[in-house]
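**Q** A single structure is presented below for examination.
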Amino acid sequence: MMRHLLPLTALLMGSSFLLFAGGVNSLILPIRGEAEGFTAASLGLLGTGWAVGYVMGCLRTPALVARVGHIRAFGAMCAIAAIAVLLSLVLITPWVWIPVRALSGFCFAGAAMIVESWLNERADAKSRGRVFGLYTMVNLSATTAGQMVLTLGDTNGYFFFVLAAMVYCLALLPTAISATTTPRPLTQAKLALGRLWKNSPIAVFAVLMVGVSNASFGTLAAVYGARIGLSLNEIALFASIPILAGAASQIPVGIASDRYDRRKVLIAVTVFAILADGLFLSVGVPQPALALVMSALFGATVYAMYPIIVAHANDHAEPGSFIQVSGGLLLVFGIGSIVGPTVAGVAMTRFGASTLFAVTGTVHLSLILFALLRLRIAPAVASKDKVAFQAKPLVRASTPETAALGADQEELNAGQSAAFADGPSSQSKD
């Protein structure tokens with residue numbers, strides 16, 4: 001029994017190291033950059049750089065692994081990610097940090113995909129659901145812990161950069177101690193926008209908007225917190241609480257979306273997101289306790305949208321295309337993540353910190369208007385034709401391999417034998 005559990009435990013530990021280091025790195029950079037006098041626009045470009053690198057990592061890693069193998073590719077990804085963190089410490093300037101952050105995004109995506117492919121290899125039909133649930137919990141816990149650890153030291157020194165680099169190196173351990181044979185080839189992500197749009201226009205538009213909104217907040221929340229006078233501990237909570245609130249809210253949101261028209265549930269959730277946007281804009285400079293409450297409301301809404309969108313898209317998808325649809329939507333989310341932080345960063349530089357929520361509010365309003373339009377055009381999906389709602393890990397840390405890990409055995413088998421881009425065409429849906 002232990003012979004089978006040890007490789008799985010090691011791989012989950014490797015994933016937790018990756019997410020912990022990613023949590024440290026994602027928060028130390030905006031906090032340190034703000035202290036160094038970087039503009040909000042340049043700090044927003046850190047998020048854009050990450051998103052560019054992450055999307056490229058999802059697209060290019062399968063070919064790299066096919067050429068040099070899983071273990072070598074994984075080792076290279078972790079080593080380069082560690083070097084990138086240390087380079088950010090040695091050369092403290094946005095002109096270095098932005099491309100280095102893109103390199104980090106590429107390596108993080110590649111390393112995560114390889115770990116997930118090993119987990120896929122270990123998960124059989126009976127254990128797949130439990131493995132995915134455990135993986136989601138580990139990722140959420142590790143990301144939050146990585147962000148909260150910044151409250152234990154001085155962010156103006158070198159410690160947290162070195163810590164993130166060390167933990168990236170620790171992530172090498174799973175491949176060193178795992179007895180699993182070489183996994184199957186990695187899942188190829190395809191950005192078939194035409195077919196995705198034909199499958200569900202609202203899913204494509206909504207996931208693009210959610211990418212803009214969530215990446216803007218994820219990148220610049222720490223900058224906003226610093227500029228309204230929050231302490232370091234409060235900034236860490238301000239960035240972490242929304243993630244936890246979003247994870248918790250997926251339970252009631254999932255129940256509602258399985259019972260009612262998912263588009264209407266998405267609209268309702270987005271209305272609450274606009275309420276949170278409006279609170280941030282109207283209050284101006286909130287007291288710390290109020291800021292944390294508002295961030296919880298914001299996170300509970302914006303981080304619950306993506307699973308609704310994916311479930312709705314899969315309601316309309318052809319049989320066997322779950323993995324391809326989820327992977328394609330992830331790349332569309334990545335495109336939004338490239339645009340959002342840049343726009344929000346420029347807006348914050350020119351008009352002030354609270355403009356971050358003017359950007360997210362505009363995005364959320366656009367999503368509601370488009371969803372209302374689609375409600376008038378297309379009928380709702382019958383309850384019997386719906387797929388089961390599935391909670392998603394933090395989208396920022398999801399890859400096409402995450403979709404494969406979350407698929408049931410039937411979908412996994414179908415996805416290996418049929419590509420979405422080559423599947424039968426269908427009429428325009430919603």
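Scheme for the structure tokens: letters A, B, ... for chains in order shown; per-chain residue numbers from 1; ligand numbers from 1 in order shown.
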Which residues are near A:Phe238? Cut-off 9 Å, only C-alpha atoms, ignore same chain within fewer than 4 positions. Put them as a ChimeraX atom specification.
**A** /A:221-222,225,230,233-234,242,288,291-293,295-296
**Q** Once you have the residues from the selection above, write them out as a compact mmCIF listing (two decimals), in the first residue's frame, restricted to C-alpha atoms.
**A**
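Generated output (out-v9.txt):
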```txt
# COMPACT_ATOMS: atom_id res chain seq x y z
CA ALA A 221 -4.27 44.15 -5.01
CA ALA A 222 -1.07 44.54 -2.99
CA GLY A 225 -3.47 47.94 -0.26
CA LEU A 230 -2.60 48.98 4.91
CA ASN A 233 0.02 41.93 7.54
CA GLU A 234 -3.16 43.56 6.26
CA PRO A 242 -10.39 36.73 -1.62
CA PRO A 288 -8.51 48.08 7.28
CA ALA A 291 -11.23 46.74 3.28
CA LEU A 292 -10.82 43.07 4.26
CA VAL A 293 -14.59 42.52 4.32
CA SER A 295 -12.07 42.04 -0.48
CA ALA A 296 -13.83 38.90 0.78
```
**Q** Write down as an MDAnalysis selection string the residues of stretch 132-379 of chain A whose backbone DSSP state falls under helix (DSSP H, G or I).
**A** chainID A and resid 132:152 159:170 173:177 193:199 201:227 232:259 262:283 288:316 322:351 355:377
**Q** Near A:Ala41, counting only C-alpha atoms, which residues have an atom at most 12 Å away, once you skip same-chain residues fewer than 6 positions from it, shown as a PyMOL selection string?
**A** chain A and resi 30+33-34+47-48+94+98+216+219-220+223+340-353+356
**Q** At a cut-off of 12 Å, using only C-alpha atoms, what residues contact A:Leu152? Leave out same-chain residues fewer than 5 positions from it and give the result as a list in words.
**A**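 That gives Val24, Ala145, Gly146, Gln147, Phe159, Phe160, Leu232, Asn233 and Ala236 of chain A.
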**Q** May I have the selected residues written with N, CA and C atoms, as a PDB file, in the first residue's frame?
**A**
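part28.pdb written:
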```
ATOM      1  N   VAL A  24       4.682  33.231  -2.738  1.00  0.00           N
ATOM      2  CA  VAL A  24       5.685  34.169  -2.216  1.00  0.00           C
ATOM      3  C   VAL A  24       6.104  35.146  -3.308  1.00  0.00           C
ATOM      4  N   ALA A 145      -0.561  30.024   1.987  1.00  0.00           N
ATOM      5  CA  ALA A 145       0.575  30.005   2.919  1.00  0.00           C
ATOM      6  C   ALA A 145       1.749  30.803   2.362  1.00  0.00           C
ATOM      7  N   GLY A 146       1.984  30.698   1.053  1.00  0.00           N
ATOM      8  CA  GLY A 146       3.078  31.445   0.448  1.00  0.00           C
ATOM      9  C   GLY A 146       2.888  32.944   0.565  1.00  0.00           C
ATOM     10  N   GLN A 147       1.649  33.391   0.433  1.00  0.00           N
ATOM     11  CA  GLN A 147       1.383  34.824   0.569  1.00  0.00           C
ATOM     12  C   GLN A 147       1.451  35.271   2.031  1.00  0.00           C
ATOM     13  N   PHE A 159      15.475  38.003   2.083  1.00  0.00           N
ATOM     14  CA  PHE A 159      15.051  36.708   2.583  1.00  0.00           C
ATOM     15  C   PHE A 159      13.978  36.049   1.723  1.00  0.00           C
ATOM     16  N   PHE A 160      12.912  36.769   1.386  1.00  0.00           N
ATOM     17  CA  PHE A 160      11.782  36.143   0.709  1.00  0.00           C
ATOM     18  C   PHE A 160      12.099  35.778  -0.745  1.00  0.00           C
ATOM     19  N   LEU A 232       1.724  45.588   6.290  1.00  0.00           N
ATOM     20  CA  LEU A 232       2.133  44.398   5.552  1.00  0.00           C
ATOM     21  C   LEU A 232       1.223  43.209   5.868  1.00  0.00           C
ATOM     22  N   ASN A 233       0.914  43.020   7.162  1.00  0.00           N
ATOM     23  CA  ASN A 233       0.016  41.927   7.537  1.00  0.00           C
ATOM     24  C   ASN A 233      -1.344  42.083   6.874  1.00  0.00           C
ATOM     25  N   ALA A 236      -1.184  41.264   3.119  1.00  0.00           N
ATOM     26  CA  ALA A 236      -1.172  39.819   2.884  1.00  0.00           C
ATOM     27  C   ALA A 236      -2.574  39.235   3.034  1.00  0.00           C
TER      28      ALA A 236
END
```
**Q** For A:Leu330, find every residue with an atom within 9 Å (counting only C-alpha atoms), except residues of its own chain fewer than 4 positions away, and show them as a CSV table (one decimal) with N, CA, C and O atoms, in the first residue's frame.
**A**
```csv
chain,number,residue,atom,x,y,z
A,55,VAL,N,0.9,31.5,-20.6
A,55,VAL,CA,0.2,31.0,-21.8
A,55,VAL,C,1.2,30.3,-22.7
A,55,VAL,O,1.0,29.2,-23.2
A,189,ALA,N,-2.7,22.0,-25.6
A,189,ALA,CA,-3.7,23.0,-25.6
A,189,ALA,C,-3.9,23.6,-27.0
A,189,ALA,O,-2.9,23.9,-27.6
A,207,VAL,N,-15.2,34.4,-20.1
A,207,VAL,CA,-13.9,34.0,-19.6
A,207,VAL,C,-12.8,35.0,-20.0
A,207,VAL,O,-11.9,35.2,-19.2
A,325,VAL,N,-12.1,21.7,-24.6
A,325,VAL,CA,-12.9,23.0,-24.3
A,325,VAL,C,-12.3,23.7,-23.1
A,325,VAL,O,-12.1,24.9,-23.1
A,326,SER,N,-12.0,22.9,-22.0
A,326,SER,CA,-11.5,23.5,-20.8
A,326,SER,C,-10.1,24.1,-21.0
A,326,SER,O,-9.8,25.2,-20.6
A,334,GLY,N,-6.2,33.4,-20.3
A,334,GLY,CA,-4.8,33.9,-20.3
A,334,GLY,C,-4.7,35.2,-21.2
A,334,GLY,O,-3.9,36.1,-20.8
A,335,ILE,N,-5.4,35.2,-22.3
A,335,ILE,CA,-5.4,36.5,-23.1
A,335,ILE,C,-5.9,37.6,-22.3
A,335,ILE,O,-5.4,38.7,-22.3
A,395,VAL,N,-7.5,29.7,-10.9
A,395,VAL,CA,-7.3,29.6,-12.4
A,395,VAL,C,-5.8,30.0,-12.8
A,395,VAL,O,-5.3,29.5,-13.7
A,398,SER,N,-3.9,27.0,-13.0
A,398,SER,CA,-4.4,25.9,-13.8
A,398,SER,C,-3.7,25.8,-15.1
A,398,SER,O,-3.3,26.8,-15.7
A,399,THR,N,-3.6,24.6,-15.6
A,399,THR,CA,-3.0,24.3,-16.9
A,399,THR,C,-3.9,23.3,-17.7
A,399,THR,O,-4.9,22.8,-17.1
A,400,PRO,N,-3.7,23.1,-18.9
A,400,PRO,CA,-4.4,22.0,-19.6
A,400,PRO,C,-4.4,20.7,-18.9
A,400,PRO,O,-5.3,19.9,-19.0
```
